[in-house]
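Have a look at upload.cif below; it lists mmCIF, C-alpha atoms.
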```cif
data_query
#
loop_
_atom_site.label_atom_id
_atom_site.label_comp_id
_atom_site.auth_asym_id
_atom_site.auth_seq_id
_atom_site.Cartn_x
_atom_site.Cartn_y
_atom_site.Cartn_z
CA MET Q 29 5.70 -10.28 24.32
CA ASP Q 30 3.21 -9.03 26.89
CA THR Q 31 1.81 -12.23 28.41
CA ASP Q 32 -1.56 -10.50 28.98
CA ILE Q 33 -1.97 -10.25 25.20
CA LYS Q 34 -1.43 -13.98 24.80
CA LYS Q 35 -3.70 -14.79 27.74
CA ASN Q 36 -6.65 -12.64 26.69
CA LYS Q 37 -6.74 -13.16 22.92
CA GLU Q 38 -7.56 -16.32 21.00
CA ILE Q 39 -4.90 -15.77 18.34
CA VAL Q 40 -1.72 -13.67 18.45
CA ILE Q 41 -0.06 -12.63 15.20
CA ARG Q 42 3.47 -11.30 15.11
CA ILE Q 43 4.22 -9.00 12.16
CA ILE Q 44 7.79 -8.62 10.94
CA LYS Q 45 8.20 -5.94 8.28
CA SER Q 46 10.96 -4.44 6.17
CA TRP Q 47 9.81 -0.82 6.53
CA ASP Q 48 9.19 1.59 9.41
CA TRP Q 49 6.38 3.91 8.23
CA PRO Q 50 3.41 4.28 8.47
CA ASP Q 51 2.21 2.97 11.82
CA MET Q 52 -0.07 0.16 10.69
CA LEU Q 53 -1.79 -0.21 14.05
CA ASN Q 54 -3.56 3.10 13.36
CA GLN Q 55 -5.63 1.08 10.90
CA THR Q 56 -7.30 -0.75 13.80
CA PRO Q 57 -9.94 0.53 16.25
CA GLN Q 58 -8.28 2.75 18.89
CA GLY Q 59 -4.91 1.74 17.44
CA LYS Q 60 -4.85 -1.40 19.60
CA GLY Q 61 -3.97 -3.87 16.85
CA VAL Q 62 -7.04 -6.03 17.45
CA TRP Q 63 -9.32 -7.13 14.62
CA GLY Q 64 -12.05 -9.73 14.92
CA GLY Q 65 -10.66 -11.11 18.18
CA ILE Q 66 -7.16 -11.46 16.72
CA GLN Q 67 -4.26 -9.56 18.27
CA PHE Q 68 -1.66 -8.26 15.82
CA THR Q 69 1.63 -7.11 17.32
CA PHE Q 70 5.12 -5.95 16.40
CA ASP Q 71 6.46 -7.04 19.80
CA GLU Q 72 9.62 -9.11 19.53
CA GLY Q 73 8.56 -11.80 22.00
CA ASP Q 74 8.90 -15.18 20.36
CA ASN Q 75 5.67 -16.96 21.42
CA CYS Q 76 2.91 -16.41 18.85
CA ASP Q 77 0.36 -18.32 16.81
CA TYR Q 78 1.28 -16.90 13.40
CA VAL Q 79 4.16 -14.93 11.93
CA LEU Q 80 3.49 -12.66 8.96
CA VAL Q 81 6.62 -11.39 7.21
CA LEU Q 82 6.03 -8.30 5.08
CA ASN Q 83 8.51 -8.34 2.17
CA SER Q 84 11.59 -9.68 3.93
CA ILE Q 85 13.52 -10.31 7.14
CA THR Q 86 15.95 -7.44 7.71
CA ARG Q 87 17.67 -8.97 10.74
CA ASP Q 88 17.75 -12.37 12.41
CA ALA Q 89 14.65 -13.12 14.48
CA GLY Q 90 13.65 -16.03 16.69
CA VAL Q 91 10.02 -17.16 16.88
CA TYR Q 92 8.14 -19.97 18.62
CA CYS Q 93 5.40 -20.91 16.19
CA ASN Q 94 3.79 -23.72 14.21
CA GLU Q 95 5.83 -23.84 10.98
CA LYS Q 96 2.59 -24.07 8.97
CA ASN Q 97 1.69 -20.61 10.27
CA LEU Q 98 4.76 -18.82 8.97
CA TRP Q 99 3.63 -16.72 5.99
CA LEU Q 100 5.30 -14.31 3.60
CA ILE Q 101 3.47 -11.30 2.14
CA HIS Q 102 4.85 -9.47 -0.89
CA GLN Q 103 3.97 -5.78 -0.77
CA GLU Q 104 6.26 -4.45 -3.48
CA PRO Q 105 5.28 -4.64 -7.16
CA PRO Q 106 6.62 -7.64 -9.13
CA ASN Q 107 8.58 -5.37 -11.46
CA GLU Q 108 12.06 -5.66 -12.95
CA PHE Q 109 13.61 -4.52 -9.65
CA PHE Q 110 11.79 -6.72 -7.13
CA ARG Q 111 10.85 -9.81 -9.14
CA HIS Q 112 14.25 -11.43 -8.75
CA THR Q 113 14.28 -10.85 -5.00
CA TYR Q 114 10.95 -12.66 -4.76
CA LYS Q 115 12.51 -16.08 -4.39
CA PRO Q 116 10.90 -17.19 -1.14
CA CYS Q 117 12.84 -19.73 0.87
CA GLY Q 118 11.12 -22.99 1.72
CA ILE Q 119 10.46 -21.98 5.30
CA TYR Q 120 7.25 -20.13 4.34
CA SER Q 121 4.19 -22.36 4.07
CA ARG Q 122 2.11 -19.69 2.32
CA VAL Q 123 3.16 -16.76 0.15
CA TYR Q 124 0.67 -13.98 -0.65
CA THR Q 125 1.82 -12.26 -3.81
CA THR Q 126 0.90 -10.23 -6.88
CA ASP Q 127 3.60 -11.96 -8.93
CA SER Q 128 1.81 -14.16 -11.47
CA HIS Q 129 5.12 -15.87 -12.32
CA LEU Q 130 5.16 -17.58 -8.93
CA VAL Q 131 3.10 -20.76 -9.15
CA GLY Q 132 2.55 -23.65 -6.78
CA GLU Q 133 0.36 -24.77 -3.92
CA ARG Q 134 1.73 -22.29 -1.40
CA TYR Q 135 1.24 -19.19 -3.59
CA ILE Q 136 -1.93 -17.13 -3.20
CA HIS Q 137 -2.35 -14.44 -5.84
CA THR Q 138 -4.10 -11.44 -4.32
CA GLN Q 139 -3.70 -7.80 -3.42
CA THR Q 140 -1.78 -7.76 -0.16
CA GLY Q 141 -3.22 -4.93 1.92
CA LEU Q 142 -0.59 -2.22 1.56
CA PRO Q 143 -0.98 0.32 4.39
CA TRP Q 144 -2.61 3.61 3.53
CA HIS Q 145 -0.58 6.84 3.58
CA ILE Q 146 -3.49 9.19 4.20
CA ASN Q 147 -2.07 10.01 7.67
CA ARG Q 148 -5.41 9.50 9.41
CA SER Q 149 -6.52 6.72 11.74
CA TYR Q 150 -9.17 4.09 11.17
CA ASP Q 151 -11.33 5.72 13.84
CA PHE Q 152 -11.08 9.13 12.16
CA LEU Q 153 -11.85 7.75 8.72
CA ARG Q 154 -14.83 5.72 9.97
CA LYS Q 155 -16.48 8.82 11.41
CA GLU Q 156 -15.39 11.55 9.01
CA PRO Q 157 -18.14 12.61 6.57
CA MET Q 158 -17.41 13.66 3.03
CA PRO Q 159 -15.71 17.08 3.15
CA LYS Q 160 -16.70 19.97 0.94
CA LYS Q 161 -15.43 19.31 -2.58
CA ASN Q 162 -14.68 22.67 -4.18
CA LYS Q 163 -11.70 21.65 -6.36
CA LEU Q 164 -11.50 19.45 -9.44
CA LEU Q 165 -8.36 17.37 -9.89
CA CYS Q 166 -5.28 16.61 -7.79
CA TRP Q 167 -2.32 14.33 -8.34
CA VAL Q 168 -0.08 13.57 -5.36
CA THR Q 169 3.05 12.13 -6.92
CA SER Q 170 6.78 11.94 -6.47
CA LYS Q 171 9.37 12.36 -9.19
CA LYS Q 172 11.13 9.06 -8.59
CA ASN Q 173 12.96 7.73 -11.63
CA ILE Q 174 14.16 4.26 -10.62
CA PHE Q 175 11.81 1.65 -12.11
CA GLU Q 176 10.49 1.46 -15.65
CA GLY Q 177 7.10 2.27 -14.14
CA HIS Q 178 8.54 5.44 -12.59
CA LYS Q 179 9.92 6.52 -15.97
CA LYS Q 180 6.60 5.90 -17.68
CA ARG Q 181 4.84 7.91 -14.97
CA LEU Q 182 7.31 10.79 -15.32
CA ASN Q 183 6.72 10.89 -19.07
CA PHE Q 184 3.00 11.12 -18.38
CA LEU Q 185 3.62 13.91 -15.87
CA LYS Q 186 5.47 15.90 -18.55
CA ASN Q 187 2.66 15.22 -21.01
CA ILE Q 188 -0.11 16.34 -18.70
CA SER Q 189 1.54 19.29 -16.91
CA HIS Q 190 0.42 21.99 -19.36
CA LYS Q 191 -2.54 20.20 -20.94
CA SER Q 192 -4.88 19.41 -18.04
CA ALA Q 193 -6.24 21.42 -15.15
CA CYS Q 194 -4.50 19.24 -12.58
CA ASP Q 195 -2.89 20.38 -9.33
CA ILE Q 196 0.41 18.47 -9.12
CA THR Q 197 0.90 18.17 -5.37
CA ALA Q 198 3.72 17.29 -2.98
CA THR Q 199 3.16 16.33 0.66
CA LEU Q 200 5.49 17.82 3.25
CA ASN Q 201 5.30 14.94 5.73
CA TYR Q 202 6.77 12.56 3.14
CA TYR Q 203 9.84 14.74 2.54
CA GLU Q 204 10.18 15.81 6.18
CA ARG Q 205 10.48 12.16 7.14
CA LYS Q 206 12.89 11.28 4.32
CA LEU Q 207 15.11 14.34 4.82
CA HIS Q 208 14.86 14.46 8.66
CA VAL Q 209 13.50 18.00 8.58
CA LYS Q 210 13.02 19.34 12.10
CA THR Q 211 12.94 23.14 12.39
CA GLN Q 212 10.36 25.56 11.04
CA GLN Q 213 13.04 27.22 8.92
CA GLU Q 214 13.92 23.86 7.35
CA LYS Q 215 10.24 23.27 6.63
CA GLU Q 216 9.90 26.63 4.89
CA GLU Q 217 13.01 25.94 2.82
CA LEU Q 218 11.63 22.53 1.90
CA LYS Q 219 8.36 24.05 0.77
CA LYS Q 220 10.19 26.58 -1.44
CA ALA Q 221 12.29 23.78 -2.94
CA LEU Q 222 9.19 21.74 -3.81
CA TYR Q 223 7.59 24.68 -5.60
CA ALA Q 224 10.87 25.23 -7.43
CA GLU Q 225 10.72 21.58 -8.56
CA GLY Q 226 7.51 22.36 -10.41
CA TYR Q 227 4.81 21.34 -7.95
CA SER Q 228 1.75 23.55 -8.21
CA SER Q 229 0.59 22.75 -4.69
CA VAL Q 230 2.18 21.67 -1.40
CA ALA Q 231 0.13 20.13 1.42
CA GLN Q 232 1.09 18.85 4.86
CA ASP Q 233 -0.17 15.32 4.18
CA LYS Q 234 -2.28 13.33 1.75
CA TRP Q 235 -5.57 13.90 3.53
CA GLU Q 236 -5.06 17.65 3.37
CA ALA Q 237 -3.97 17.30 -0.26
CA LEU Q 238 -6.77 15.07 -1.55
CA SER Q 239 -9.87 15.75 0.53
CA PRO Q 240 -10.93 19.06 -1.16
CA TYR Q 241 -10.95 17.43 -4.62
CA ARG Q 242 -13.59 15.55 -6.59
CA TYR Q 243 -11.12 13.62 -8.72
CA SER Q 244 -7.57 12.40 -8.18
CA LEU Q 245 -5.07 10.92 -10.59
CA VAL Q 246 -3.73 7.57 -9.43
CA VAL Q 247 -0.84 6.20 -11.50
CA GLU Q 248 0.82 3.06 -10.18
CA ASN Q 249 4.48 2.32 -10.92
CA PHE Q 250 3.47 -1.14 -12.16
CA ALA Q 251 0.61 -2.41 -14.31
CA GLY Q 252 -0.47 -6.00 -13.80
CA PRO Q 253 -3.01 -8.21 -12.03
CA ASP Q 254 -3.84 -7.75 -8.34
CA TYR Q 255 -1.25 -5.06 -7.59
CA TRP Q 256 -2.82 -1.83 -6.38
CA SER Q 257 -1.20 0.34 -3.77
CA GLU Q 258 -1.92 2.91 -1.10
CA LYS Q 259 -2.26 5.46 -3.91
CA LEU Q 260 -5.66 4.03 -4.78
CA ALA Q 261 -6.66 3.45 -1.16
CA ASP Q 262 -5.79 7.06 -0.26
CA ALA Q 263 -7.90 8.36 -3.13
CA TYR Q 264 -10.98 6.45 -2.02
CA LEU Q 265 -10.45 7.20 1.67
CA SER Q 266 -10.50 10.92 0.88
CA TYR Q 267 -13.78 10.52 -1.07
CA THR Q 268 -12.23 11.29 -4.44
CA MET Q 269 -12.97 9.46 -7.69
CA PRO Q 270 -9.75 7.88 -8.98
CA ILE Q 271 -8.74 8.44 -12.58
CA TYR Q 272 -6.71 5.28 -12.61
CA TYR Q 273 -3.83 3.47 -14.27
CA GLY Q 274 -2.35 0.28 -12.86
CA CYS Q 275 -4.05 -2.90 -11.69
CA THR Q 276 -5.35 -4.74 -14.75
CA ASN Q 277 -8.12 -6.59 -12.89
CA ILE Q 278 -9.19 -3.74 -10.63
CA SER Q 279 -12.86 -4.52 -11.39
CA ASN Q 280 -12.40 -7.72 -9.34
CA TYR Q 281 -12.00 -5.49 -6.30
CA PHE Q 282 -14.10 -2.34 -6.75
CA PRO Q 283 -17.33 -1.30 -8.49
CA GLU Q 284 -16.53 -0.28 -12.06
CA SER Q 285 -18.43 2.98 -11.67
CA SER Q 286 -16.25 4.02 -8.70
CA TYR Q 287 -13.17 4.74 -10.86
CA ILE Q 288 -12.21 5.70 -14.42
CA LYS Q 289 -9.41 3.80 -16.17
CA ILE Q 290 -6.99 5.64 -18.45
CA ASP Q 291 -4.07 4.72 -20.67
CA ILE Q 292 -1.18 7.01 -19.76
CA GLU Q 293 0.61 6.16 -23.02
CA ASP Q 294 -2.29 7.45 -25.12
CA PRO Q 295 -1.34 10.91 -26.51
CA LYS Q 296 -4.98 11.95 -26.16
CA CYS Q 297 -5.08 11.07 -22.46
CA PRO Q 298 -4.85 14.72 -21.25
CA ASP Q 299 -7.91 15.59 -23.36
CA THR Q 300 -9.74 12.58 -21.94
CA ILE Q 301 -8.95 13.73 -18.41
CA ASN Q 302 -10.20 17.25 -19.12
CA ARG Q 303 -13.51 15.84 -20.34
CA ILE Q 304 -13.80 13.65 -17.23
CA ILE Q 305 -13.23 16.38 -14.67
CA HIS Q 306 -15.76 18.69 -16.34
CA SER Q 307 -18.40 15.96 -16.37
CA ASN Q 308 -20.74 14.98 -13.54
CA LEU Q 309 -19.24 11.49 -13.08
CA TRP Q 310 -18.05 12.17 -9.53
CA LYS Q 311 -21.47 13.40 -8.42
CA ARG Q 312 -23.33 10.65 -10.27
CA ASN Q 313 -21.17 7.90 -8.73
CA GLN Q 314 -20.83 9.09 -5.14
CA LYS Q 315 -22.58 5.97 -3.82
CA THR Q 316 -20.13 3.58 -5.47
CA ILE Q 317 -17.17 5.75 -4.44
CA CYS Q 318 -18.39 5.47 -0.84
CA LYS Q 319 -18.87 1.72 -1.33
CA ALA Q 320 -15.25 1.42 -2.51
CA ARG Q 321 -14.17 3.42 0.53
CA GLU Q 322 -16.05 1.02 2.80
CA LEU Q 323 -14.35 -1.93 1.09
CA ILE Q 324 -10.95 -0.42 1.87
CA LEU Q 325 -11.77 0.12 5.54
CA GLU Q 326 -13.54 -3.16 6.26
CA LYS Q 327 -12.31 -5.74 3.74
CA TYR Q 328 -9.18 -4.94 1.75
CA GLN Q 329 -6.92 -3.21 4.23
CA PHE Q 330 -4.35 -5.42 5.94
CA PHE Q 331 -6.13 -6.32 9.17
CA PRO Q 332 -9.55 -7.51 7.95
CA LEU Q 333 -7.86 -9.12 4.94
CA PHE Q 334 -5.48 -11.30 6.94
CA SER Q 335 -7.92 -11.87 9.79
CA GLU Q 336 -10.12 -13.64 7.25
CA TYR Q 337 -7.23 -15.59 5.74
CA ILE Q 338 -6.17 -16.74 9.21
CA LYS Q 339 -9.68 -17.77 10.27
CA LYS Q 340 -10.19 -19.81 7.09
CA TRP Q 341 -6.76 -21.41 7.41
CA LYS Q 342 -7.38 -22.25 11.08
CA GLU Q 343 -10.60 -24.10 10.21
CA ASP Q 344 -8.73 -26.56 7.97
CA ASN Q 345 -5.32 -26.70 9.66
CA ASN Q 346 -5.58 -27.42 13.36
CA SER Q 347 -2.74 -29.93 13.53
CA GLY Q 348 0.92 -29.27 14.21
CA GLN Q 349 2.99 -28.26 17.19
CA LYS Q 350 4.93 -25.11 17.85
CA SER Q 351 8.70 -25.16 17.56
CA SER Q 352 11.56 -22.69 17.79
CA ILE Q 353 12.40 -21.18 14.40
CA ILE Q 354 15.25 -18.84 13.51
CA LEU Q 355 14.45 -16.47 10.65
CA LYS Q 356 17.65 -15.36 8.97
CA ASN Q 357 18.36 -11.87 7.65
CA GLU Q 358 17.33 -11.84 3.99
CA ASN Q 359 19.06 -8.51 3.37
CA SER Q 360 22.53 -9.90 4.01
CA LEU Q 361 25.24 -8.96 1.53
CA PRO Q 362 25.21 -12.29 -0.40
CA HIS Q 363 21.44 -12.12 -0.80
CA LEU Q 364 21.53 -8.50 -1.97
CA LEU Q 365 24.33 -9.23 -4.43
CA GLU Q 366 22.39 -12.17 -5.85
CA GLY Q 367 19.37 -9.95 -6.46
CA ARG Q 368 21.49 -7.22 -8.04
CA ILE Q 369 23.20 -9.69 -10.40
CA LYS Q 370 19.84 -11.10 -11.49
CA ARG Q 371 18.47 -7.62 -12.17
CA LEU Q 372 21.47 -6.87 -14.37
CA LEU Q 373 21.15 -10.17 -16.22
CA TYR Q 374 17.43 -9.91 -16.89
CA ARG Q 375 17.07 -6.14 -17.35
#
```
Written as C-alpha cells, how would this file's structure read?
Amino acid sequence: MDTDIKKNKEIVIRIIKSWDWPDMLNQTPQGKGVWGGIQFTFDEGDNCDYVLVLNSITRDAGVYCNEKNLWLIHQEPPNEFFRHTYKPCGIYSRVYTTDSHLVGERYIHTQTGLPWHINRSYDFLRKEPMPKKNKLLCWVTSKKNIFEGHKKRLNFLKNISHKSACDITATLNYYERKLHVKTQQEKEELKKALYAEGYSSVAQDKWEALSPYRYSLVVENFAGPDYWSEKLADAYLSYTMPIYYGCTNISNYFPESSYIKIDIEDPKCPDTINRIIHSNLWKRNQKTICKARELILEKYQFFPLFSEYIKKWKEDNNSGQKSSIILKNENSLPHLLEGRIKRLLYR
C-alpha cells in the first residue's frame, strides 16, 4: 500500500471484492476513493484499519488489521442460488446482509450499497441537470434464465412485450465486456444480434438508454426486504421514475411518491403500466424523484453508507490491536461443491 495514503488519512479501508466491474472508485469525488476523510483502496498492501470483503474471498489474502474491523458485505440476493453460500466463517465480526434468515449479534440487515451501472462518475452525476425527457418508458433488462427470479422476470417480459408501449433495451457495453468485443465490425454484429433477440432498442450504456425517458421499469431478480440493486439506483440517477418490483420495504429507503410499485404476476399489470405512463405522475413527482436521486449519491451508495457505519463503529470500539490475518480463498473447490450440494438439496 502507498505509505502516503496511510500517513495522510485518518482511516484506511481495504476493499476485497469478488467481481471486477464497475470501477467503484468512480463513485467518489475525482475518483480518488476518499469519502469523509476515509481512504478506500483496492491496493493489496496488508496494513489497513478495516477490511471490507464484498461477497467472498476469491484468492488467499494477507492483511494486518484489528480482527474486530474485518467485515463481510453480501451484495448478491439471498435467493435459492446464493443463500446456501452465505455461511460466513467466524472470522468476520460484522456481516451486512439482506438475508433475513441470518440472525445474531454480528448480522446487520440493510441494503448493502451495490455499485451503480450507469457508466457515469459521481462528479458527472452531481453536476448533470435533468436531460430533456421526450420518451415514455424504457426497460433495460437481460434475458438471463438462471434463478427463479430470472424466470419470473422473463415471463413478465413475454407478457408485456406486445401489451405496453415499452422500449425493451439492451446496452452494448454490458455485452462488449462479457463477450470481449473489440473491433467495430464485432460491435456492429453484436448490435444486429441484439435486435434479432427481440430488443426494440440498443444503447451504448445505461445512461444513454435511460436518460431520455420519464419512466423506467425496474424488476429485481429477488423480492424481499432490504435488497434493491443497481437497477433501481440507475433509474433514479438518470432522473426516471421507477415502475418497480422487488424490495418489499422500499418505502424505508425512498419517498413513496418517487416510485410506483407493481405486481409482475398480476395479469392486468401491462394495463396498469399503460395507465401510469400516460398519466402526469412523473411530472407531478419530480421533486421526490430528485430527492431519491440525492439519497443514492450522498447516503445509500457504498462510500457514504460504509463511511457512516465505520465512524459509528469507531466511536464505540476503540480497543484492540492489529494482527496478521490470512483470509483463505472461499471459492476453493470444496467450498463450491458444498454450496452446489446444498442448492440441489434445498431447491
Let me know the residues the PyMOL selection byres ((chain Q and resi 204) around 12) catches in the file above, as a VMD selection string. chain Q and resid 198 to 203 205 to 212 214 to 219 222 231 to 233
So, counting only C-alpha atoms, which residue among Q:Lys191, Q:Thr126, Q:Arg42, Q:Ser170 is closest to Pro298 (chain Q)?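 Using only C-alpha atoms, Pro298 (chain Q) sits closest to Q:Lys191.
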Output check: residues returned by the PyMOL selection byres ((chain Q and resi 291-295) around 8), as a VMD selection string: chain Q and resid 181 184 273 289 to 290 296 to 298
Name the closest residue to Lys155 (chain Q) among the candidates Q:Leu325, Q:Val62, Q:Ile353, Q:Val123; distances are taken between atoms, counting only C-alpha atoms.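 Using only C-alpha atoms, Lys155 (chain Q) sits closest to Q:Leu325.
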Which residue gives the smallest distance to Ser286 (chain Q) among Q:Lys186, Q:Lys311, Q:Lys340, Q:Lys96, with all atoms listed in the file counted?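 Using all atoms listed in the file, Ser286 (chain Q) sits closest to Q:Lys311.
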Please report the interatomic distance between CA of Ile196 (chain Q) and CA of Asn280 (chain Q) in Å with one decimal.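 We find that CA of Ile196 (chain Q) and CA of Asn280 (chain Q) lie 29.2 Å from each other.
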